[in-house]
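Novice: Here you go, start-v5.csv (CSV, C-alpha atoms):
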chain,number,residue,atom,x,y,z
B,1,MET,CA,106.1,95.3,129.0
B,2,LYS,CA,103.4,93.1,127.5
B,3,LEU,CA,104.5,90.6,124.9
B,4,VAL,CA,102.1,90.6,121.9
B,5,ASN,CA,103.9,88.3,119.5
B,6,GLN,CA,106.9,85.9,119.4
B,7,MET,CA,108.7,83.6,117.0
B,8,LYS,CA,111.7,81.3,117.3
B,9,LEU,CA,114.0,80.0,114.6
B,10,THR,CA,116.8,77.4,114.9
B,11,PHE,CA,119.1,76.7,111.9
B,12,GLN,CA,122.6,75.5,111.1
B,13,SER,CA,125.5,77.8,111.1
B,14,ARG,CA,125.9,77.6,107.3
B,15,SER,CA,126.5,80.9,105.5
B,16,VAL,CA,123.7,80.2,103.0
B,17,ASN,CA,121.3,80.7,106.0
B,18,GLU,CA,122.4,84.4,106.5
B,19,GLY,CA,119.8,85.4,103.9
B,20,PHE,CA,117.2,83.1,105.2
B,21,ALA,CA,117.5,84.5,108.7
B,22,ARG,CA,117.3,88.2,107.8
B,23,GLY,CA,114.4,87.4,105.4
B,24,ALA,CA,112.4,85.5,107.9
B,25,ILE,CA,112.9,88.0,110.7
B,26,SER,CA,112.1,91.0,108.5
B,27,ALA,CA,108.9,89.2,107.4
B,28,PHE,CA,107.9,88.7,111.0
B,29,VAL,CA,108.6,92.3,112.0
B,30,ALA,CA,106.7,93.6,108.9
B,31,THR,CA,103.5,92.9,110.8
B,32,LEU,CA,104.3,96.2,112.6
B,33,ASP,CA,104.2,98.2,109.4
B,34,PRO,CA,107.8,99.5,109.7
B,35,THR,CA,109.3,102.0,107.3
B,36,VAL,CA,111.8,100.8,104.6
B,37,GLU,CA,114.6,102.3,106.7
B,38,GLU,CA,113.5,100.5,109.9
B,39,ILE,CA,113.3,97.1,108.2
B,40,SER,CA,116.6,97.7,106.4
B,41,ASP,CA,118.3,98.5,109.8
B,42,ILE,CA,116.9,95.3,111.3
B,43,LYS,CA,117.9,93.2,108.4
B,44,THR,CA,121.5,94.6,108.5
B,45,ALA,CA,121.9,94.1,112.2
B,46,VAL,CA,120.6,90.5,112.1
B,47,SER,CA,122.9,89.7,109.2
B,48,GLU,CA,125.9,90.9,111.2
B,49,ALA,CA,124.8,89.0,114.3
B,50,VAL,CA,124.2,85.7,112.4
B,51,THR,CA,127.4,86.1,110.4
B,52,ASN,CA,129.3,86.5,113.7
B,53,CYS,CA,127.9,83.2,114.9
B,54,ILE,CA,129.1,81.5,111.7
B,55,VAL,CA,132.5,83.2,111.3
B,56,HIS,CA,133.5,83.5,115.0
B,57,GLY,CA,131.3,81.4,117.2
B,58,TYR,CA,131.5,78.2,115.3
B,59,ARG,CA,134.5,79.0,113.0
B,60,ASP,CA,135.2,75.9,111.0
B,61,THR,CA,132.5,73.8,112.6
B,62,ILE,CA,128.7,73.6,112.1
B,63,GLY,CA,126.5,74.3,115.1
B,64,GLN,CA,123.0,75.5,115.8
B,65,ILE,CA,122.0,79.2,115.8
B,66,HIS,CA,118.9,80.1,117.8
B,67,VAL,CA,117.0,83.3,117.0
B,68,THR,CA,114.0,84.6,119.0
B,69,VAL,CA,112.0,87.6,118.0
B,70,LYS,CA,109.7,89.2,120.6
B,71,ILE,CA,107.3,92.1,119.8
B,72,PHE,CA,106.0,94.0,122.8
B,73,GLU,CA,102.9,96.2,122.9
B,74,ASP,CA,104.8,99.5,122.6
B,75,GLN,CA,106.2,98.4,119.2
B,76,LEU,CA,109.5,97.3,120.8
B,77,VAL,CA,111.2,94.5,118.8
B,78,ARG,CA,113.7,92.4,120.7
B,79,ILE,CA,115.8,90.0,118.7
B,80,THR,CA,118.0,87.5,120.4
B,81,VAL,CA,120.7,85.7,118.4
B,82,ARG,CA,122.4,82.8,120.3
B,83,ASP,CA,125.1,80.3,119.5
B,84,ASN,CA,126.8,77.6,121.6
B,85,GLY,CA,130.2,78.3,120.0
B,86,CYS,CA,133.6,79.3,121.3
B,87,GLY,CA,132.4,82.4,123.1
B,88,ILE,CA,134.3,85.8,123.4
B,89,GLU,CA,137.1,86.2,125.9
B,90,ASP,CA,136.8,90.0,126.0
B,91,VAL,CA,133.4,91.4,124.9
B,92,GLU,CA,134.4,95.0,125.3
B,93,GLN,CA,137.4,94.6,123.0
B,94,ALA,CA,135.4,92.6,120.5
B,95,MET,CA,132.9,95.5,120.3
B,96,GLN,CA,135.6,98.0,119.4
B,97,PRO,CA,135.4,99.3,115.8
B,98,LEU,CA,137.8,97.5,113.4
B,99,PHE,CA,138.6,94.7,116.0
B,100,THR,CA,138.6,91.3,114.4
B,101,THR,CA,140.2,87.9,115.2
B,102,VAL,CA,139.7,86.7,111.6
B,103,HIS,CA,142.3,88.1,109.3
B,104,THR,CA,141.3,86.2,106.2
B,105,GLY,CA,138.4,87.0,103.9
B,106,GLU,CA,138.6,90.8,104.3
B,107,ARG,CA,136.4,91.0,107.5
B,108,SER,CA,136.1,94.7,108.3
B,109,GLY,CA,135.7,94.3,112.1
B,110,LEU,CA,132.7,96.6,112.0
B,111,GLY,CA,129.9,94.0,112.7
B,112,PHE,CA,129.1,95.3,116.3
B,113,THR,CA,129.5,98.9,115.1
B,114,VAL,CA,126.9,98.3,112.5
B,115,MET,CA,124.6,96.6,115.0
B,116,GLU,CA,125.0,99.5,117.5
B,117,SER,CA,124.4,102.1,114.8
B,118,PHE,CA,121.3,100.5,113.3
B,119,MET,CA,119.6,99.4,116.5
B,120,ASP,CA,118.5,101.3,119.6
B,121,LYS,CA,120.3,99.0,122.0
B,122,VAL,CA,122.7,96.1,121.7
B,123,LYS,CA,123.7,93.7,124.5
B,124,VAL,CA,126.3,91.0,124.3
B,125,ARG,CA,126.7,88.2,126.8
B,126,SER,CA,129.3,85.6,126.3
B,127,VAL,CA,130.9,82.7,128.2
B,128,PRO,CA,134.2,81.4,126.7
B,129,GLY,CA,133.7,77.8,125.6
B,130,LYS,CA,129.9,78.0,126.0
B,131,GLY,CA,128.7,80.6,123.5
B,132,THR,CA,127.4,84.1,122.9
B,133,THR,CA,124.0,85.8,123.0
B,134,VAL,CA,123.4,89.1,121.3
B,135,THR,CA,120.3,91.0,122.1
B,136,LEU,CA,119.1,93.7,119.6
B,137,ASP,CA,116.4,96.1,120.5
B,138,LYS,CA,114.6,98.5,118.2
B,139,ARG,CA,111.4,100.4,118.7
B,140,ILE,CA,109.3,100.7,115.5
B,141,ALA,CA,107.8,104.2,115.3
B,142,ALA,CA,104.0,104.4,115.5
B,143,ARG,CA,102.6,105.6,112.1
B,144,GLU,CA,99.7,107.8,111.7
B,145,ASP,CA,97.6,107.0,108.6
C,1,MET,CA,124.4,87.5,93.8
C,2,SER,CA,126.2,87.9,90.4
C,3,VAL,CA,128.7,90.3,88.9
C,4,LYS,CA,128.9,91.4,85.3
C,5,ILE,CA,132.1,92.9,84.1
C,6,THR,CA,132.2,95.3,81.2
C,7,TYR,CA,134.8,97.7,79.7
C,8,ASP,CA,134.8,101.2,78.4
C,9,GLY,CA,138.4,101.9,77.3
C,10,ALA,CA,140.6,101.8,80.4
C,11,VAL,CA,137.6,101.9,82.7
C,12,MET,CA,136.3,98.5,84.1
C,13,CYS,CA,132.8,98.3,85.5
C,14,ALA,CA,131.7,95.6,87.8
C,15,ALA,CA,127.9,95.6,88.1
C,16,LEU,CA,126.7,93.8,91.1
C,17,GLU,CA,123.3,92.2,91.4
C,18,GLY,CA,121.5,90.7,94.4
C,19,GLU,CA,122.2,90.6,98.1
C,20,LEU,CA,125.8,91.2,99.2
C,21,ASP,CA,126.7,89.4,102.5
C,22,HIS,CA,129.4,87.1,103.9
C,23,HIS,CA,128.0,84.1,102.0
C,24,VAL,CA,128.6,85.6,98.6
C,25,ALA,CA,131.4,88.1,99.2
C,26,ALA,CA,134.4,85.7,98.6
C,27,SER,CA,133.2,84.5,95.2
C,28,ILE,CA,132.4,88.1,94.0
C,29,ARG,CA,135.8,89.3,95.2
C,30,ARG,CA,137.5,86.5,93.3
C,31,GLU,CA,135.7,87.3,90.1
C,32,ILE,CA,136.5,91.0,90.2
C,33,ASP,CA,140.1,90.4,91.3
C,34,ASP,CA,140.8,88.0,88.4
C,35,ALA,CA,139.8,90.7,85.9
C,36,VAL,CA,141.5,93.6,87.8
C,37,THR,CA,144.8,91.7,88.2
C,38,ARG,CA,144.8,90.7,84.6
C,39,ASP,CA,143.7,94.0,83.0
C,40,LYS,CA,144.9,96.6,85.6
C,41,PRO,CA,142.2,99.2,84.7
C,42,ARG,CA,142.9,102.9,85.2
C,43,GLU,CA,139.5,103.1,86.9
C,44,LEU,CA,137.4,100.4,88.5
C,45,VAL,CA,133.7,101.2,88.9
C,46,LEU,CA,131.7,99.2,91.4
C,47,ASP,CA,128.1,99.6,90.3
C,48,PHE,CA,125.7,98.9,93.2
C,49,ARG,CA,122.5,99.7,91.3
C,50,GLY,CA,121.4,96.1,91.3
C,51,VAL,CA,122.3,95.5,95.0
C,52,SER,CA,119.2,95.2,97.2
C,53,PHE,CA,121.0,94.5,100.5
C,54,MET,CA,124.5,94.9,101.9
C,55,ASP,CA,126.0,94.3,105.3
C,56,SER,CA,129.6,95.0,106.5
C,57,SER,CA,130.8,92.3,104.1
C,58,GLY,CA,130.5,95.0,101.4
C,59,ILE,CA,132.9,97.2,103.3
C,60,GLY,CA,135.6,94.7,102.9
C,61,LEU,CA,134.8,94.3,99.2
C,62,VAL,CA,135.2,98.1,98.6
C,63,MET,CA,138.3,98.5,100.8
C,64,GLY,CA,140.0,95.5,99.3
C,65,ARG,CA,139.4,96.7,95.7
C,66,TYR,CA,140.6,100.2,96.7
C,67,ARG,CA,143.9,98.7,97.9
C,68,ILE,CA,144.3,96.6,94.7
C,69,GLN,CA,143.6,99.7,92.5
C,70,GLN,CA,146.2,101.7,94.5
C,71,GLU,CA,148.8,99.0,93.8
C,72,HIS,CA,148.8,99.8,90.1
C,73,GLU,CA,147.9,103.5,90.6
C,74,GLY,CA,144.3,103.1,89.5
C,75,THR,CA,141.3,104.7,91.0
C,76,LEU,CA,138.0,103.3,92.4
C,77,ARG,CA,134.5,104.7,91.9
C,78,VAL,CA,131.4,103.5,93.7
C,79,GLU,CA,128.1,104.1,91.9
C,80,GLY,CA,124.4,103.5,92.4
C,81,THR,CA,124.3,103.0,96.2
C,82,SER,CA,120.9,102.9,98.0
C,83,PRO,CA,120.4,104.9,101.2
C,84,GLN,CA,120.9,101.6,103.2
C,85,ILE,CA,124.1,100.8,101.5
C,86,ARG,CA,125.4,104.4,101.9
C,87,LYS,CA,124.7,104.2,105.6
C,88,VAL,CA,126.8,101.1,106.0
C,89,MET,CA,129.6,102.6,103.8
C,90,ARG,CA,129.6,105.9,105.7
C,91,LEU,CA,130.2,104.0,109.0
C,92,ALA,CA,133.5,102.7,107.6
C,93,GLY,CA,134.4,106.1,106.2
C,94,LEU,CA,134.4,104.7,102.6
C,95,ASP,CA,132.9,108.0,101.4
C,96,ARG,CA,136.3,109.6,102.2
C,97,LEU,CA,138.2,106.8,100.4
C,98,ALA,CA,136.6,106.1,97.1
C,99,LYS,CA,134.9,108.5,94.6
C,100,PHE,CA,131.1,108.2,94.8
C,101,GLY,CA,129.1,108.7,91.6
For the file at hand, write its structure as structure tokens.
Specialist:
Amino acid sequence: MKLVNQMKLTFQSRSVNEGFARGAISAFVATLDPTVEEISDIKTAVSEAVTNCIVHGYRDTIGQIHVTVKIFEDQLVRITVRDNGCGIEDVEQAMQPLFTTVHTGERSGLGFTVMESFMDKVKVRSVPGKGTTVTLDKRIAARED
Amino acid sequence: MSVKITYDGAVMCAALEGELDHHVAASIRREIDDAVTRDKPRELVLDFRGVSFMDSSGIGLVMGRYRIQQEHEGTLRVEGTSPQIRKVMRLAGLDRLAKFG
């Protein structure tokens, strides 16, 4: 796969940055002329991944969130959201619908379910005590004008 | 994000405006709950016409208000959802829980 464009963002794990992250990433992906639904799907998945870093990865502390967006020549968008937070002990369990470790603030436990439903592929790698990396893939359909 | 609360008899309408995510969900919840706890409306309408984006934080908002309405035998109606918002709500089965207008 040939890489045709790339961008990187690093920002603090403050909840006010959730909107900034999805806005910046959707603006970058907009260069591929996606449909409204495709861009909404990406914004929603990114919002979930970044919120997970803030709510779970760093909990009550502030750390750095690193986002990389790669666009490949076949219109594949690969978004990587990484934190250096507490990590996940059991990734398989964390990805189960309705599973949550935070029982305040009405978290639904559907973050990963939303990511998996809205993107083509979701990969989670985590090392307890070191951090978590979520990779989100979505191919933007070629449009005939 | 902001919420405007209006009344039509025993029906309370909370009109949401802006982007609904984890950053704003707590303050919106508090504002709605203050009014609902005080007035115990027969029906609470969550009006999403002005919501341009929602992630799973919105699921918690709807489910939590549904529970509060049940506590005083009230009902919940969700109105004005965009296709993106309906897609998120359907994932949580909210279409089977609340009335959709």
Novice: Up to 12 Å from chain C, what residues of chain B turn up? Count all atoms listed in the file and give them as a ChimeraX atom specification.
Specialist: /B:13-20,22-23,36-55,97-98,103-118
Novice: Identify, on the basis of all atoms listed in the file, every residue whose closest approach to Leu44 (chain C) does not exceed 10 Å; exclude the query and any residue fewer than 4 positions from it along the same chain; express the result as a PyMOL selection string.
Specialist: chain C and resi 7+10-14+32+36+40+65-66+69+74-78
Novice: In Å, how far is it from CA of Asn5 (chain B) to CA of Gly63 (chain B)?
Specialist: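 Going from CA of Asn5 (chain B) over to CA of Gly63 (chain B), I get 26.9 Å.
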Novice: Ranking B:Asp120, B:Val67, B:Gln75, B:Cys86 by minimum distance to Val134 (chain B) and counting all atoms listed in the file, which one comes first?
Specialist: B:Val67
Novice: Out of C:Asp95, C:Glu79, C:Asp8, C:Glu71, which residue has the shortest atom-to-atom distance to Thr37 (chain C) when counting only C-alpha atoms?
Specialist: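 Using only C-alpha atoms, the shortest distance to Thr37 (chain C) belongs to C:Glu71.
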Novice: Quick one: pull the distance between CA of Thr80 (chain B) and CA of Phe99 (chain B), Å, one decimal.
Specialist: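 Spanning CA of Thr80 (chain B) to CA of Phe99 (chain B) is a straight-line distance of 22.3 Å.
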Novice: Give me the residues near Ile65 (chain B) as a ChimeraX atom specification, where near means some atom within 8 Å (using only C-alpha atoms) and where sequence neighbours in that chain fewer than 3 positions away do not count.
Specialist: /B:10-13,50,53,81-84
Novice: Between CA of His56 (chain B) and CA of Thr68 (chain B), what is the distance, to one decimal in Å?
Specialist: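 Separation of CA of His56 (chain B) and CA of Thr68 (chain B): 19.9 Å.
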Novice: Quick one: of B:Val69, B:Ala21, B:Ile62, B:Asp90, who's nearest to Met7 (chain B), counting all atoms listed in the file?
Specialist: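 The answer is B:Val69, which sits nearest to Met7 (chain B).
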Novice: When you count only C-alpha atoms, which of these residues is closest to Arg143 (chain B): B:Gln96, B:Thr35, B:Ser126, B:Gln64?
Specialist: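 Under the stated criterion, the closest residue is B:Thr35.
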